[in-house]
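Asks: One structure, as structure tokens, below. Some questions next.
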Amino acid sequence: MSLLIQHDSDTAALRRGTRRFLIFAALVTLALIAAIVVRQGVFRQTTNYSFVTDSAQDITKGQAVKIAGFRVGAVDGVSLKDDGQVVVTMEIDADHMRFITHDARVELRKEGLVGSATLEILPGPDKSRLAAAQARLTFSRADGLTALANQVRDEIVPMLKDVKVITGALADPKNGLPATLARIRDSADTLNALLANGNQQVNGIGAAATRVLGKAEEDLTHLGQTLEATNKRLPDMLDRTQQVLKHVEQITAEAEASVPSALRDGSAVAADMREIVSGAKQSWPIRNFVDAPAPATLKADSDPRGEAGRGR
Amino acid sequence: MGAKSLLLLVLLLAGCGSTPKAVDPPRVKAALEAESDGAKRYGRGDYAIAARRFEEASRLYASIDDGTGTTRNRRHRARGELALGHADVALTLVNAETVDVDGLLLKAQAQLALGRPDAARQTLATVTCPAACPQAPSLSLLQARVELVAQRPAEALAHAQAALALLKDKDEAAETANAWRSIAAAQLALGDAISARNAATSALEIDRKLALPEKIARDWLLLGDIEKVGAGDTAKSAANEAAKAAYQRALAVAEAAGLKEAAELSRRALGMTTQVPTPAPTQAPK
């Protein structure tokens, strides 16, 4: 009896345990499902926008849509229209709708040169009006590796063509590098000959210069002798000149003192004499005896130099 | 003492008795003084200073707008320049004024001195001067000189003798001497050495009295030329000696008076080496 009773209690405990486990498992499953739903945005408020492009290349459903590098939504659908155009629908969180202006555009970018493609919504310059829900935005593709390669090719190809032309010109046998080198070689030969000739002439000039220098040295020797003789005689001559100059200075100093006053005196005396004579001439009764000068008449003389007899 | 007092009294009486003279304005007085001084110097043969004084007088007359005085002194100056041998300056002075008989005669004189006898002849042809006009002797003498240069001694002699006749009993010693000189030159050219010597001697006597060195020197040169060609029946050697003596007298006078041109002519006549180069002829206005 006691065994039966013990067995019943164990079974009940097992049942309670099993029940608790099942309840817990169900709760975890429900939580997981709720998380997935929340994660999938089932309960999130969103707004759809779309754009049209020629190709769906690098665009896939669920692809991230970003604004300024932040994920704000995803591609909701990619569909092909009857005219061959591709319509791409994006689902954007309503919280981020304030960044999407009516002139915003969508750009497909690569993360790095070979990274995954993302769609970036670039707001337009007019911030005063936002894009309406379901609005169709403009689309463009950023330059990717292919565009970069094309750009590089566009720039490299003309350069390569120029290099080809230059190479061709250099290789021209008449006017190219070989001919130029040949001419340079000829010029170098001519220059060598010229230098050799110049050397000969310089040697000749050097000999002449040596002769001239020799003559100049002789002349300088003579000059030195003359200067020595002059040096011997010059001091005496200078002394005598100095003495003469002293005398002249003394005479000049005396003259400076005496001559101007003498001249002034002489001039004053002459002026006085003129005044006296003039006054005397004009004073009564002398003026009555002095004839005033009258217009002169020169005696006729048709041959003042006597050239009639013995001319020029 | 008594004689001095008497002289003083006479002076006082003479001064009181005479009429007071009008006094010229200072500029007129200065111009007249310059002209008078120039005339005195010209008469003494000091031609350079005379020319300067006449120039000064001419400027002074021009400054008081006295055209007559200006022209008169310009002509005086022209005569001074002619005497100095600056015929080109004289011709410029004469050309710058209104030409009358005196002006034309001066112009012809300058042209002759510049060696332009044809121009002088043309100028003289324009002169209107009857025999009674005071410039008639000068006109005849200049015509005589033109004819002499043109190698027409007979016509020159006729003009010179006419001038001498006009100058008779006139106080024109210089022109009388010029007439005798022209007669001597014409007679020499005609080969009449005796008459030429007499005429030249007459000229020399007058010029000595006038104390004009250049004319005296040239008279001696003329006498030398006359002696050189031989006067009358004089022996040739004696004639040469006489000519040499005359040239030496000319040289002595010219050197003493500092007359370079006359001295040079004398040296050439004596056959001496030229010491002073003859100045190049100046380009003068026609």
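Residue numbers start at 1 in each chain; chains themselves are named A, B, ... in the order of the structure tokens; ligands are numbered from 1 in the order shown.
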Would you give me, as a PyMOL selection string, the residues in region 27-203 of chain B that DSSP reads as helix (DSSP H, G or I)?
Replies: chain B and resi 27-43+47-63+67-84+87-95+101-113+117-125+136-149+153-167+173-190+193-203
Asks: Identify all chain A residues at most 6 Å from chain B by counting only C-alpha atoms; ligands do not count. Present them as a JSON list (two decimals) with N, CA, C and O atoms, in the first residue's frame.
Replies:
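Contents of iface31.json, freshly written:
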```
[["chain", "number", "residue", "atom", "x", "y", "z"],
["A", 285, "PRO", "N", 77.74, 179.32, -65.06],
["A", 285, "PRO", "CA", 77.59, 179.74, -66.46],
["A", 285, "PRO", "C", 78.31, 178.81, -67.44],
["A", 285, "PRO", "O", 78.32, 179.06, -68.63],
["A", 293, "PRO", "N", 76.31, 167.56, -77.17],
["A", 293, "PRO", "CA", 76.60, 166.71, -78.32],
["A", 293, "PRO", "C", 75.45, 166.73, -79.33],
["A", 293, "PRO", "O", 74.28, 166.72, -78.93],
["A", 294, "ALA", "N", 75.81, 166.76, -80.60],
["A", 294, "ALA", "CA", 74.79, 166.82, -81.66],
["A", 294, "ALA", "C", 74.93, 165.59, -82.54],
["A", 294, "ALA", "O", 75.95, 164.89, -82.48],
["A", 296, "ALA", "N", 76.07, 163.21, -85.24],
["A", 296, "ALA", "CA", 77.36, 163.28, -85.90],
["A", 296, "ALA", "C", 77.22, 163.05, -87.40],
["A", 296, "ALA", "O", 76.33, 162.32, -87.84],
["A", 301, "ASP", "N", 83.91, 158.58, -97.04],
["A", 301, "ASP", "CA", 85.11, 157.77, -97.32],
["A", 301, "ASP", "C", 84.64, 156.49, -98.00],
["A", 301, "ASP", "O", 84.23, 155.54, -97.35],
["A", 302, "SER", "N", 84.69, 156.49, -99.32],
["A", 302, "SER", "CA", 84.17, 155.34, -100.06],
["A", 302, "SER", "C", 85.17, 154.18, -100.10],
["A", 302, "SER", "O", 84.84, 153.10, -100.57],
["A", 304, "PRO", "N", 87.52, 153.04, -97.18],
["A", 304, "PRO", "CA", 88.17, 153.23, -95.88],
["A", 304, "PRO", "C", 89.42, 152.39, -95.69],
["A", 304, "PRO", "O", 90.22, 152.69, -94.80],
["A", 305, "ARG", "N", 89.62, 151.36, -96.50],
["A", 305, "ARG", "CA", 90.80, 150.51, -96.31],
["A", 305, "ARG", "C", 91.82, 150.69, -97.43],
["A", 305, "ARG", "O", 92.79, 149.94, -97.50],
["A", 306, "GLY", "N", 91.54, 151.64, -98.32],
["A", 306, "GLY", "CA", 92.49, 151.90, -99.40],
["A", 306, "GLY", "C", 92.65, 150.72, -100.34],
["A", 306, "GLY", "O", 93.76, 150.45, -100.83],
["A", 308, "ALA", "N", 91.39, 150.37, -103.29],
["A", 308, "ALA", "CA", 91.33, 150.68, -104.73],
["A", 308, "ALA", "C", 92.67, 150.42, -105.41],
["A", 308, "ALA", "O", 92.74, 149.88, -106.51],
["A", 309, "GLY", "N", 93.74, 150.81, -104.70],
["A", 309, "GLY", "CA", 95.06, 150.64, -105.32],
["A", 309, "GLY", "C", 95.55, 149.22, -105.26],
["A", 309, "GLY", "O", 96.05, 148.68, -106.24],
["A", 310, "ARG", "N", 95.38, 148.58, -104.14],
["A", 310, "ARG", "CA", 95.89, 147.22, -103.96],
["A", 310, "ARG", "C", 94.78, 146.44, -103.26],
["A", 310, "ARG", "O", 94.62, 146.50, -102.05]]
```
Asks: Would you mind reading off the distance between CA of Arg109 (chain A) and CA of Arg141 (chain A), one decimal, in Å?
Replies: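 A separation of 6.6 Å between them.
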